[in-house]
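A.B. asks: Got a file for you: my_file-v7.cif, mmCIF, C-alpha atoms and all ligand atoms.
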data_input
loop_
_atom_site.label_atom_id
_atom_site.label_comp_id
_atom_site.auth_asym_id
_atom_site.auth_seq_id
_atom_site.Cartn_x
_atom_site.Cartn_y
_atom_site.Cartn_z
CA MET Y 22 50.47 -62.84 -4.58
CA VAL Y 23 49.56 -59.30 -3.57
CA ASP Y 24 46.13 -59.02 -1.91
CA PRO Y 25 43.79 -56.55 -3.58
CA LEU Y 26 43.22 -53.41 -1.48
CA TYR Y 27 40.07 -53.70 0.61
CA CYS Y 28 37.52 -50.96 0.43
CA ALA Y 29 34.35 -51.60 2.45
CA ALA Y 30 31.08 -51.75 0.49
CA SER Y 31 29.56 -48.30 0.33
CA ASP Y 32 26.06 -49.71 0.90
CA ARG Y 33 27.05 -51.72 3.99
CA TYR Y 34 24.41 -50.07 6.16
CA ASP Y 35 21.73 -50.14 3.45
CA SER Y 36 21.79 -53.80 2.47
CA GLY Y 37 19.16 -55.03 4.92
CA MET Y 38 20.98 -55.38 8.25
CA LYS Y 39 18.88 -54.25 11.21
CA TYR Y 40 20.20 -52.73 14.43
CA GLU Y 41 18.77 -53.10 17.91
CA ARG Y 42 19.40 -51.10 21.07
CA CYS Y 43 21.40 -52.93 23.66
CA GLY Y 44 19.47 -52.75 26.91
CA ARG Y 45 19.47 -49.29 28.50
CA SER Y 46 22.58 -48.04 26.69
CA GLY Y 47 23.67 -45.91 23.80
CA ILE Y 48 24.83 -48.94 21.82
CA LEU Y 49 23.03 -50.44 18.86
CA LEU Y 50 24.13 -53.88 17.74
CA PRO Y 51 23.46 -55.55 14.39
CA ARG Y 52 20.89 -58.33 14.74
CA ILE Y 53 23.63 -60.66 13.52
CA SER Y 54 27.12 -60.64 15.01
CA LEU Y 55 29.98 -62.77 13.75
CA GLY Y 56 31.61 -65.21 16.18
CA LEU Y 57 35.19 -66.42 15.74
CA TRP Y 58 35.17 -69.36 18.16
CA GLN Y 59 35.81 -71.99 15.45
CA ASN Y 60 37.01 -71.66 11.83
CA PHE Y 61 39.19 -68.56 12.31
CA GLY Y 62 42.22 -70.18 13.95
CA ASP Y 63 45.63 -70.97 12.53
CA VAL Y 64 44.42 -74.35 11.26
CA LYS Y 65 42.30 -72.55 8.63
CA PRO Y 66 43.55 -70.58 5.62
CA LEU Y 67 43.94 -66.89 6.43
CA ALA Y 68 42.33 -65.96 3.10
CA LEU Y 69 39.10 -67.77 4.08
CA SER Y 70 38.94 -65.99 7.45
CA ARG Y 71 39.64 -62.67 5.75
CA ASP Y 72 36.89 -63.25 3.18
CA MET Y 73 34.33 -64.09 5.89
CA LEU Y 74 35.30 -61.01 7.94
CA HIS Y 75 35.10 -58.74 4.90
CA TYR Y 76 31.79 -60.23 3.79
CA ALA Y 77 30.36 -59.65 7.25
CA PHE Y 78 31.50 -56.04 7.43
CA ASP Y 79 30.32 -55.35 3.87
CA HIS Y 80 26.84 -56.52 4.91
CA GLY Y 81 26.43 -54.42 8.02
CA ILE Y 82 27.80 -56.93 10.55
CA CYS Y 83 29.96 -54.56 12.55
CA SER Y 84 29.96 -56.65 15.76
CA PHE Y 85 32.66 -59.31 16.19
CA ASP Y 86 32.79 -61.77 19.06
CA LEU Y 87 36.14 -63.19 20.18
CA ALA Y 88 37.74 -64.68 23.28
CA ASN Y 89 41.32 -65.26 24.36
CA ASN Y 90 41.14 -69.01 23.66
CA TYR Y 91 39.29 -69.01 20.31
CA GLY Y 92 41.07 -70.79 17.47
CA PRO Y 93 42.07 -73.52 17.41
CA SER Y 94 44.87 -73.09 18.55
CA TYR Y 95 44.23 -70.88 21.60
CA GLY Y 96 44.81 -67.21 20.80
CA SER Y 97 44.98 -67.78 17.07
CA ALA Y 98 41.50 -66.42 16.25
CA GLU Y 99 42.55 -63.12 17.82
CA GLU Y 100 45.79 -63.28 15.84
CA THR Y 101 43.87 -63.90 12.62
CA PHE Y 102 41.51 -61.06 13.43
CA GLY Y 103 44.55 -58.85 14.16
CA GLN Y 104 46.17 -59.69 10.83
CA VAL Y 105 43.04 -58.81 8.90
CA PHE Y 106 42.44 -55.73 11.04
CA ARG Y 107 45.94 -54.36 10.51
CA LYS Y 108 45.78 -54.95 6.75
CA SER Y 109 42.27 -53.85 5.86
CA LEU Y 110 39.81 -53.07 8.64
CA ARG Y 111 41.81 -50.56 10.71
CA PRO Y 112 40.39 -47.50 8.89
CA TYR Y 113 36.94 -48.65 10.02
CA ARG Y 114 37.81 -49.15 13.72
CA ASP Y 115 35.25 -46.60 14.91
CA GLU Y 116 32.51 -48.46 13.01
CA MET Y 117 33.36 -51.76 14.68
CA PHE Y 118 32.18 -53.27 17.96
CA ILE Y 119 34.77 -55.81 19.06
CA ALA Y 120 34.34 -58.15 22.01
CA THR Y 121 36.75 -60.42 23.79
CA LYS Y 122 36.59 -62.52 26.95
CA ALA Y 123 38.61 -64.41 29.52
CA GLY Y 124 37.46 -67.13 31.90
CA TYR Y 125 38.46 -70.51 30.46
CA ASP Y 126 41.86 -72.18 30.41
CA MET Y 127 44.34 -70.14 28.42
CA TRP Y 128 47.86 -70.72 29.70
CA PRO Y 129 49.39 -73.19 32.16
CA GLY Y 130 49.74 -72.60 35.87
CA PRO Y 131 47.44 -71.00 38.43
CA TYR Y 132 47.01 -67.61 36.69
CA GLY Y 133 45.70 -68.63 33.26
CA ASN Y 134 42.11 -69.64 34.04
CA TRP Y 135 38.89 -68.66 35.87
CA GLY Y 136 38.16 -65.22 37.35
CA SER Y 137 41.04 -63.69 39.28
CA ARG Y 138 41.98 -60.07 38.78
CA LYS Y 139 45.46 -61.23 37.74
CA TYR Y 140 44.11 -63.49 34.99
CA LEU Y 141 41.55 -61.07 33.59
CA MET Y 142 43.94 -58.11 33.48
CA SER Y 143 46.87 -59.93 31.90
CA SER Y 144 44.62 -61.83 29.48
CA LEU Y 145 43.09 -58.64 28.15
CA ASP Y 146 46.56 -57.14 27.64
CA GLN Y 147 47.50 -60.22 25.62
CA SER Y 148 44.26 -60.06 23.60
CA LEU Y 149 44.83 -56.40 22.73
CA SER Y 150 48.33 -57.17 21.59
CA ARG Y 151 47.22 -60.14 19.41
CA MET Y 152 44.49 -58.08 17.78
CA GLY Y 153 46.57 -54.92 17.42
CA LEU Y 154 43.95 -52.86 19.26
CA ASP Y 155 44.24 -50.07 21.85
CA TYR Y 156 40.92 -51.08 23.40
CA VAL Y 157 38.01 -53.48 22.92
CA ASP Y 158 34.39 -52.41 22.96
CA VAL Y 159 33.25 -55.01 25.42
CA PHE Y 160 35.21 -57.30 27.70
CA TYR Y 161 33.38 -60.26 29.22
CA SER Y 162 33.96 -62.49 32.16
CA HIS Y 163 33.58 -65.68 30.12
CA ARG Y 164 32.24 -67.74 32.99
CA TYR Y 165 31.30 -67.59 36.65
CA ASP Y 166 34.09 -68.66 39.01
CA PRO Y 167 32.72 -70.24 42.18
CA GLU Y 168 36.11 -69.97 43.98
CA THR Y 169 37.07 -66.34 43.39
CA PRO Y 170 35.15 -63.68 45.35
CA LEU Y 171 32.68 -62.10 42.93
CA GLU Y 172 33.87 -58.65 44.06
CA GLU Y 173 37.38 -59.42 42.80
CA THR Y 174 36.21 -60.44 39.31
CA LEU Y 175 33.75 -57.57 39.06
CA GLN Y 176 36.16 -54.93 40.35
CA ALA Y 177 38.66 -56.10 37.72
CA LEU Y 178 35.98 -55.44 35.08
CA VAL Y 179 35.31 -51.98 36.52
CA ASP Y 180 39.02 -51.15 36.58
CA ILE Y 181 39.51 -52.40 33.01
CA VAL Y 182 36.95 -49.83 31.90
CA ARG Y 183 38.59 -47.12 34.04
CA GLN Y 184 41.95 -47.95 32.43
CA GLY Y 185 40.38 -47.38 29.01
CA LYS Y 186 41.12 -50.93 27.84
CA SER Y 187 37.44 -51.71 27.29
CA LEU Y 188 34.53 -49.35 26.81
CA TYR Y 189 31.92 -51.70 28.31
CA VAL Y 190 31.77 -54.97 30.20
CA GLY Y 191 29.61 -58.07 30.07
CA ILE Y 192 29.15 -61.47 31.66
CA SER Y 193 28.75 -64.79 29.94
CA ARG Y 194 27.08 -67.93 31.28
CA TRP Y 195 26.83 -66.60 34.85
CA PRO Y 196 24.12 -68.35 36.88
CA MET Y 197 21.15 -66.25 37.90
CA GLU Y 198 22.06 -65.46 41.50
CA ALA Y 199 25.63 -64.46 40.67
CA ALA Y 200 24.37 -62.45 37.70
CA ALA Y 201 22.01 -60.53 40.01
CA PHE Y 202 25.00 -59.67 42.21
CA ALA Y 203 27.02 -58.64 39.14
CA TYR Y 204 24.33 -56.33 37.75
CA GLU Y 205 24.05 -54.58 41.11
CA TYR Y 206 27.81 -54.37 41.76
CA LEU Y 207 28.59 -53.01 38.31
CA ARG Y 208 25.72 -50.50 38.49
CA ARG Y 209 26.94 -49.24 41.89
CA HIS Y 210 30.41 -48.76 40.41
CA ASP Y 211 29.14 -46.73 37.45
CA THR Y 212 30.02 -49.47 34.96
CA PRO Y 213 26.63 -50.96 34.11
CA CYS Y 214 26.71 -54.40 32.56
CA LEU Y 215 26.13 -53.89 28.84
CA LEU Y 216 25.59 -57.50 27.80
CA TYR Y 217 24.77 -60.95 29.01
CA GLN Y 218 25.92 -63.70 26.65
CA GLY Y 219 24.15 -67.06 26.77
CA ARG Y 220 23.20 -70.01 24.56
CA ILE Y 221 19.73 -69.98 23.03
CA ASN Y 222 18.55 -72.09 20.13
CA MET Y 223 15.45 -74.10 19.28
CA LEU Y 224 17.00 -77.17 20.95
CA ASP Y 225 18.35 -75.41 24.05
CA ARG Y 226 16.21 -72.74 25.69
CA GLU Y 227 17.75 -72.66 29.14
CA PRO Y 228 18.13 -68.85 29.46
CA VAL Y 229 14.51 -68.41 28.37
CA GLU Y 230 13.14 -71.03 30.73
CA SER Y 231 15.30 -70.14 33.73
CA GLY Y 232 14.52 -66.43 33.58
CA ILE Y 233 18.13 -65.40 32.74
CA LEU Y 234 16.92 -63.70 29.57
CA ARG Y 235 14.26 -61.68 31.40
CA GLN Y 236 16.71 -60.88 34.18
CA ALA Y 237 19.14 -59.27 31.72
CA SER Y 238 16.43 -57.10 30.30
CA ASP Y 239 15.10 -56.16 33.76
CA ASN Y 240 18.62 -55.01 34.62
CA GLY Y 241 19.01 -52.89 31.50
CA ALA Y 242 21.49 -55.27 29.85
CA GLY Y 243 21.29 -56.48 26.27
CA PHE Y 244 21.38 -60.21 25.52
CA VAL Y 245 23.51 -61.81 22.83
CA ALA Y 246 22.69 -65.41 21.97
CA PHE Y 247 25.51 -67.79 21.08
CA SER Y 248 25.32 -71.09 19.18
CA PRO Y 249 21.93 -70.09 17.68
CA LEU Y 250 22.30 -72.93 15.16
CA ALA Y 251 23.23 -75.47 17.86
CA GLN Y 252 26.73 -75.58 16.31
CA GLY Y 253 25.30 -76.48 12.91
CA LEU Y 254 22.65 -79.02 13.93
CA LEU Y 255 19.90 -76.54 13.03
CA THR Y 256 21.03 -76.22 9.42
CA ASN Y 257 21.04 -78.42 6.34
CA ARG Y 258 24.45 -79.86 7.37
CA TYR Y 259 23.25 -83.04 9.09
CA LEU Y 260 20.02 -83.85 7.25
CA GLY Y 261 21.54 -86.97 5.71
CA GLY Y 262 24.41 -87.89 8.05
CA ILE Y 263 27.69 -86.33 9.16
CA PRO Y 264 29.67 -84.62 6.39
CA ASP Y 265 33.46 -85.09 6.53
CA ASP Y 266 34.17 -81.36 6.69
CA SER Y 267 31.63 -80.60 9.44
CA ARG Y 268 32.22 -79.63 13.06
CA ALA Y 269 30.79 -82.94 14.25
CA ALA Y 270 33.38 -84.81 12.17
CA LEU Y 271 36.29 -82.53 12.98
CA ASN Y 272 36.15 -81.37 16.57
CA LYS Y 273 35.27 -82.34 20.09
CA PHE Y 274 32.72 -79.62 20.83
CA LEU Y 275 29.94 -81.22 18.76
CA LYS Y 276 30.03 -84.91 19.52
CA SER Y 277 29.16 -87.11 16.55
CA ASP Y 278 27.42 -89.64 18.82
CA SER Y 279 24.97 -86.92 19.93
CA ILE Y 280 23.57 -86.93 16.37
CA THR Y 281 21.13 -89.79 16.88
CA ASP Y 282 18.56 -91.05 14.38
CA ALA Y 283 15.81 -89.45 16.50
CA LEU Y 284 17.58 -86.07 16.35
CA VAL Y 285 18.12 -86.31 12.59
CA LYS Y 286 14.39 -87.04 12.22
CA LYS Y 287 13.54 -83.89 14.19
CA ILE Y 288 15.95 -81.80 12.19
CA ASN Y 289 14.42 -83.06 8.95
CA ALA Y 290 10.93 -82.17 10.19
CA LEU Y 291 12.16 -78.68 11.10
CA ASN Y 292 13.78 -78.42 7.69
CA ASP Y 293 10.46 -79.24 6.00
CA MET Y 294 8.80 -76.53 8.05
CA ALA Y 295 11.49 -73.99 7.10
CA LEU Y 296 11.01 -74.85 3.43
CA SER Y 297 7.27 -74.22 3.81
CA ARG Y 298 8.21 -70.72 5.03
CA SER Y 299 10.52 -70.33 1.98
CA GLN Y 300 13.56 -70.30 4.25
CA THR Y 301 16.52 -72.52 4.90
CA LEU Y 302 16.57 -74.24 8.27
CA ALA Y 303 19.46 -72.00 9.38
CA GLN Y 304 17.40 -68.92 8.54
CA MET Y 305 14.36 -70.18 10.43
CA ALA Y 306 16.52 -71.12 13.45
CA LEU Y 307 18.07 -67.64 13.59
CA ALA Y 308 14.73 -65.91 13.10
CA TRP Y 309 13.34 -68.01 15.96
CA VAL Y 310 16.07 -66.82 18.35
CA LEU Y 311 15.61 -63.22 17.25
CA HIS Y 312 11.85 -63.29 17.79
CA HIS Y 313 12.53 -63.20 21.57
CA LYS Y 314 12.21 -59.50 22.20
CA GLU Y 315 14.99 -59.44 24.83
CA VAL Y 316 17.57 -60.82 22.35
CA THR Y 317 19.67 -58.00 20.96
CA SER Y 318 21.84 -59.98 18.55
CA VAL Y 319 22.60 -63.58 17.56
CA ILE Y 320 26.26 -64.51 17.25
CA VAL Y 321 26.64 -66.82 14.28
CA GLY Y 322 29.56 -69.02 13.45
CA CYS Y 323 30.33 -70.03 9.86
CA SER Y 324 32.85 -72.04 7.88
CA SER Y 325 32.25 -70.33 4.52
CA VAL Y 326 31.06 -67.07 3.01
CA LYS Y 327 28.13 -69.01 1.52
CA GLN Y 328 26.92 -70.01 5.00
CA LEU Y 329 27.25 -66.47 6.29
CA SER Y 330 25.34 -65.11 3.31
CA ASP Y 331 22.61 -67.69 3.88
CA SER Y 332 22.38 -66.84 7.59
CA ILE Y 333 22.02 -63.11 6.94
CA GLY Y 334 18.96 -64.02 4.84
CA CYS Y 335 17.07 -64.80 8.09
CA LEU Y 336 16.22 -61.12 8.29
CA ASP Y 337 14.02 -61.40 5.17
CA ASN Y 338 11.37 -63.45 6.99
CA PRO Y 339 11.57 -62.81 10.74
CA GLU Y 340 7.90 -63.22 11.75
CA PHE Y 341 6.17 -66.32 13.10
CA THR Y 342 2.48 -66.97 13.53
CA PRO Y 343 1.40 -68.45 16.90
CA GLU Y 344 0.64 -71.69 15.01
CA GLU Y 345 4.18 -71.82 13.64
CA LEU Y 346 5.68 -71.22 17.09
CA GLY Y 347 3.50 -74.00 18.47
CA MET Y 348 4.64 -76.32 15.72
CA ILE Y 349 8.32 -75.60 16.48
CA ASP Y 350 7.64 -76.38 20.16
CA ARG Y 351 6.04 -79.68 19.19
CA LEU Y 352 8.80 -80.62 16.75
CA THR Y 353 11.56 -79.87 19.25
CA ASN Y 354 9.81 -81.34 22.25
CA GLY Y 355 12.15 -83.44 24.35
CA CYS Y 356 15.39 -81.88 23.04
N1 LIG Y 401 30.17 -67.26 25.59
C1 LIG Y 401 30.41 -68.51 25.33
O1 LIG Y 401 30.70 -69.31 26.23
C2 LIG Y 401 30.30 -69.00 23.92
C3 LIG Y 401 30.23 -70.38 23.66
C4 LIG Y 401 30.11 -70.79 22.33
C5 LIG Y 401 30.07 -69.85 21.31
N2 LIG Y 401 30.17 -68.51 21.60
C6 LIG Y 401 30.14 -67.50 20.52
O2 LIG Y 401 29.08 -67.77 19.62
C7 LIG Y 401 29.60 -67.91 18.30
C8 LIG Y 401 28.76 -68.84 17.51
O3 LIG Y 401 28.79 -70.15 18.10
P1 LIG Y 401 28.75 -71.43 17.19
O4 LIG Y 401 29.90 -71.43 16.26
O5 LIG Y 401 28.52 -72.60 18.05
O6 LIG Y 401 27.44 -71.03 16.34
P2 LIG Y 401 26.34 -71.65 15.45
O7 LIG Y 401 26.00 -70.47 14.63
O8 LIG Y 401 25.31 -72.31 16.28
O9 LIG Y 401 27.04 -72.79 14.57
C9 LIG Y 401 27.97 -72.48 13.58
C10 LIG Y 401 28.19 -73.66 12.65
O10 LIG Y 401 26.98 -73.96 11.95
C11 LIG Y 401 27.24 -74.24 10.58
N3 LIG Y 401 26.57 -73.17 9.79
C12 LIG Y 401 26.56 -71.85 10.05
N4 LIG Y 401 25.76 -71.20 9.18
C13 LIG Y 401 25.26 -72.12 8.35
C14 LIG Y 401 24.36 -72.07 7.27
N5 LIG Y 401 23.78 -70.92 6.90
N6 LIG Y 401 24.07 -73.22 6.62
C15 LIG Y 401 24.62 -74.40 7.00
N7 LIG Y 401 25.47 -74.52 8.06
C16 LIG Y 401 25.78 -73.39 8.72
C17 LIG Y 401 28.74 -74.27 10.44
O11 LIG Y 401 29.14 -75.59 10.73
P3 LIG Y 401 30.40 -76.29 10.00
O12 LIG Y 401 31.60 -75.63 10.63
O13 LIG Y 401 30.26 -77.73 10.36
O14 LIG Y 401 30.30 -75.98 8.54
C18 LIG Y 401 29.19 -73.35 11.55
O15 LIG Y 401 30.51 -73.57 11.96
C19 LIG Y 401 31.05 -68.36 18.51
O16 LIG Y 401 31.86 -68.11 17.39
C20 LIG Y 401 31.42 -67.51 19.69
O17 LIG Y 401 31.72 -66.21 19.25
C21 LIG Y 401 30.27 -68.08 22.88
#
Write the structure described by the file as structure tokens, please.
C.D. replies:
Amino acid sequence: MVDPLYCAASDRYDSGMKYERCGRSGILLPRISLGLWQNFGDVKPLALSRDMLHYAFDHGICSFDLANNYGPSYGSAEETFGQVFRKSLRPYRDEMFIATKAGYDMWPGPYGNWGSRKYLMSSLDQSLSRMGLDYVDVFYSHRYDPETPLEETLQALVDIVRQGKSLYVGISRWPMEAAAFAYEYLRRHDTPCLLYQGRINMLDREPVESGILRQASDNGAGFVAFSPLAQGLLTNRYLGGIPDDSRAALNKFLKSDSITDALVKKINALNDMALSRSQTLAQMALAWVLHHKEVTSVIVGCSSVKQLSDSIGCLDNPEFTPEELGMIDRLTNGC
């Protein structure tokens, strides 16, 4: 079958998406970015991935978050993205903000993991080739490497920008002390850190509580929050058990035995509260992450266009009263 020609929606920037400045930079990011960690690999139909990517772009989501090992299988999310990009999104390249990362295990042997210059440089070359891009917009060190000198990892990031292979750089999941070093090193080398990427959701507030979120803002970096729905826990997916087609049933990253009766009870209470705000639980969970003023964008995952459409609806009711925030704290207490 011949695919219909794609033409992006003409009202893509007028359909309700909001844009926020990323730290002290010239970049604005959509409040919602699309993440391709799960559900975009070669185990999923290409047509589904294509439809989710098109839906996102048609609704003002111009920021796409990838990494070398997203799939499954490793590399295949970038390949999927590349196939869709080559076929339909290429004319819109200058409207798109594309991120990739390296830091976790990618290929066998001593050079396919962690934070060496050798790994980061060759991984980015591979990512560009899979995606069919000349450059990415932001390249992240995906995690802190306690064995490699920080200067080596950070200088690789600086040189990647100087080579024109990425316009900006970021760090993901770096602990506070190493992040402080990174902000300073990158600033001194005229490559200020654009973004810190960390997990924030109603059940996991570590970057808020540790000061990582404030630290990013104090250093002029934006903050993008990943897993804002706690991988699907903070949605209607698990209100009555574990559906067969859900992440908890299908993959190792969300363990089914972590979904205890006590957690399901909490999720149901949160769901009732979301309904009282005329929102779905996913929408309330995303709005809650976005109400932190230092958060530039939430990176959502999805397994269908319907989920993505629902998530975008969080922007219709973003405000919380102090009483509502207090109630969320009480309902999530102990998570
Ligand atoms: N830097 C890092 O180390 C790091 C780590 C993790 C993630 N990330 C980034 O963050 C992105 C998002 O992470 P995540 O996938 O864990 O995000 P998430 O948004 O917390 O969870 C996504 C899952 O929630 C369910 N879902 C999404 N929208 C829904 C809705 N409206 N209604 C009902 N269910 C809904 C789907 O589960 P089902 O699939 O079960 O349907 C979906 O796969 C990743 O793609 C990646 O780009 C970065």
A.B. asks: Could you report the residues within 6 Å of ligand LIG 401 (chain Y), using only C-alpha atoms and all ligand atoms, as a VMD selection string?
C.D. replies: chain Y and resid 56 to 59 86 to 87 163 193 218 247 to 253 256 to 258 267 to 268 303 320 to 324 328 to 329 331 to 332
A.B. asks: Edge lengths and centre, in Å to one decimal, as JSON: that's what I need for the box along x, y and z that holds all listed atoms of range 224-229 of chain Y plus 5 Å on each side.
C.D. replies:
{"center_x": 16.4, "center_y": -72.8, "center_z": 25.2, "size_x": 13.8, "size_y": 18.8, "size_z": 18.5}
A.B. asks: Each residue of range 32-124 of chain Y lying at most 12 Å from range 166-190 of chain Y should get a row with its shortest atom-to-atom pair and the distance in Å to one decimal, counting only C-alpha atoms; could you produce that, ordered by chain and increasing number, as CSV?
C.D. replies:
residue,atom,partner,partner_atom,distance
Y:Cys43,CA,Y:Tyr189,CA,11.6
Y:Ser46,CA,Y:Tyr189,CA,10.2
Y:Gly47,CA,Y:Tyr189,CA,11.0
Y:Ile48,CA,Y:Tyr189,CA,10.0
Y:Phe118,CA,Y:Leu188,CA,10.0
Y:Ile119,CA,Y:Ser187,CA,9.6
Y:Ala120,CA,Y:Ser187,CA,8.9
Y:Thr121,CA,Y:Ser187,CA,9.4
Y:Lys122,CA,Y:Val190,CA,9.5
Y:Ala123,CA,Y:Thr174,CA,10.8
Y:Gly124,CA,Y:Asp166,CA,8.0
A.B. asks: I'd like the interatomic distance between CA of Val319 in chain Y and CA of Val245 in chain Y, to a tenth of an Å.
C.D. replies: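 Separation between CA of Val319 in chain Y and CA of Val245 in chain Y: 5.6 Å.
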A.B. asks: Quick check, in Å to one decimal: how far apart do CA of Pro264 in chain Y and CA of Ala290 in chain Y lie?
C.D. replies: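 According to the coordinates, CA of Pro264 in chain Y and CA of Ala290 in chain Y are separated by 19.3 Å.
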A.B. asks: Which is closest to Gln236 in chain Y among Y:Asp158, Y:Asp35, Y:Asp266, Y:Glu198, if we use only C-alpha atoms?
C.D. replies: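 Counting only C-alpha atoms, the residue closest to Gln236 in chain Y is Y:Glu198.
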A.B. asks: For Ala68 in chain Y, which of Y:Lys139, Y:Ile233, Y:Ser325, Y:Trp128 is the closest residue, counting only C-alpha atoms?
C.D. replies: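 Between Y:Lys139, Y:Ile233, Y:Ser325, Y:Trp128, the residue approaching Ala68 in chain Y most closely is Y:Ser325.
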A.B. asks: Just checking: using only C-alpha atoms, which residue out of Y:Ala201, Y:Leu207, Y:Leu216, Y:Ala77 ends up closest to Arg45 in chain Y?
C.D. replies: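 Using only C-alpha atoms, Arg45 in chain Y sits closest to Y:Leu216.
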A.B. asks: Between CA of Leu215 in chain Y and CA of Gly243 in chain Y, what is the distance in Å, rounded to a tenth?
C.D. replies: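 Distance reported for this atom pair: 6.1 Å.
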A.B. asks: Name all residues at most 9 Å from Ala269 in chain Y (count all atoms listed in the file; drop same-chain ones fewer than 6 positions away) and give them as a short mmCIF file (atom, residue, chain, number, x, y, z; two decimals) with C-alpha atoms, in the coordinates of the input.
C.D. replies:
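Done, and the output landed in part33.cif:
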data_model
loop_
_atom_site.label_atom_id
_atom_site.label_comp_id
_atom_site.auth_asym_id
_atom_site.auth_seq_id
_atom_site.Cartn_x
_atom_site.Cartn_y
_atom_site.Cartn_z
CA GLN Y 252 26.73 -75.58 16.31
CA GLY Y 253 25.30 -76.48 12.91
CA ILE Y 263 27.69 -86.33 9.16
CA LEU Y 275 29.94 -81.22 18.76
CA LYS Y 276 30.03 -84.91 19.52
CA SER Y 277 29.16 -87.11 16.55
CA ASP Y 278 27.42 -89.64 18.82
CA ILE Y 280 23.57 -86.93 16.37
#
A.B. asks: With distances taken over all atoms listed in the file, which of Y:Asn338, Y:Thr101, Y:Thr317, Y:Thr353 is nearest to Val285 in chain Y?
C.D. replies: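 That would be Y:Thr353, the residue with the smallest distance to Val285 in chain Y.
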A.B. asks: For a quick check of understanding, using all atoms listed in the file, which of Y:Val159, Y:Leu346, Y:Ala88, Y:Leu69 has the smallest distance to Gln147 in chain Y?
C.D. replies: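 Residue with the minimum atom-to-atom distance to Gln147 in chain Y: Y:Ala88.
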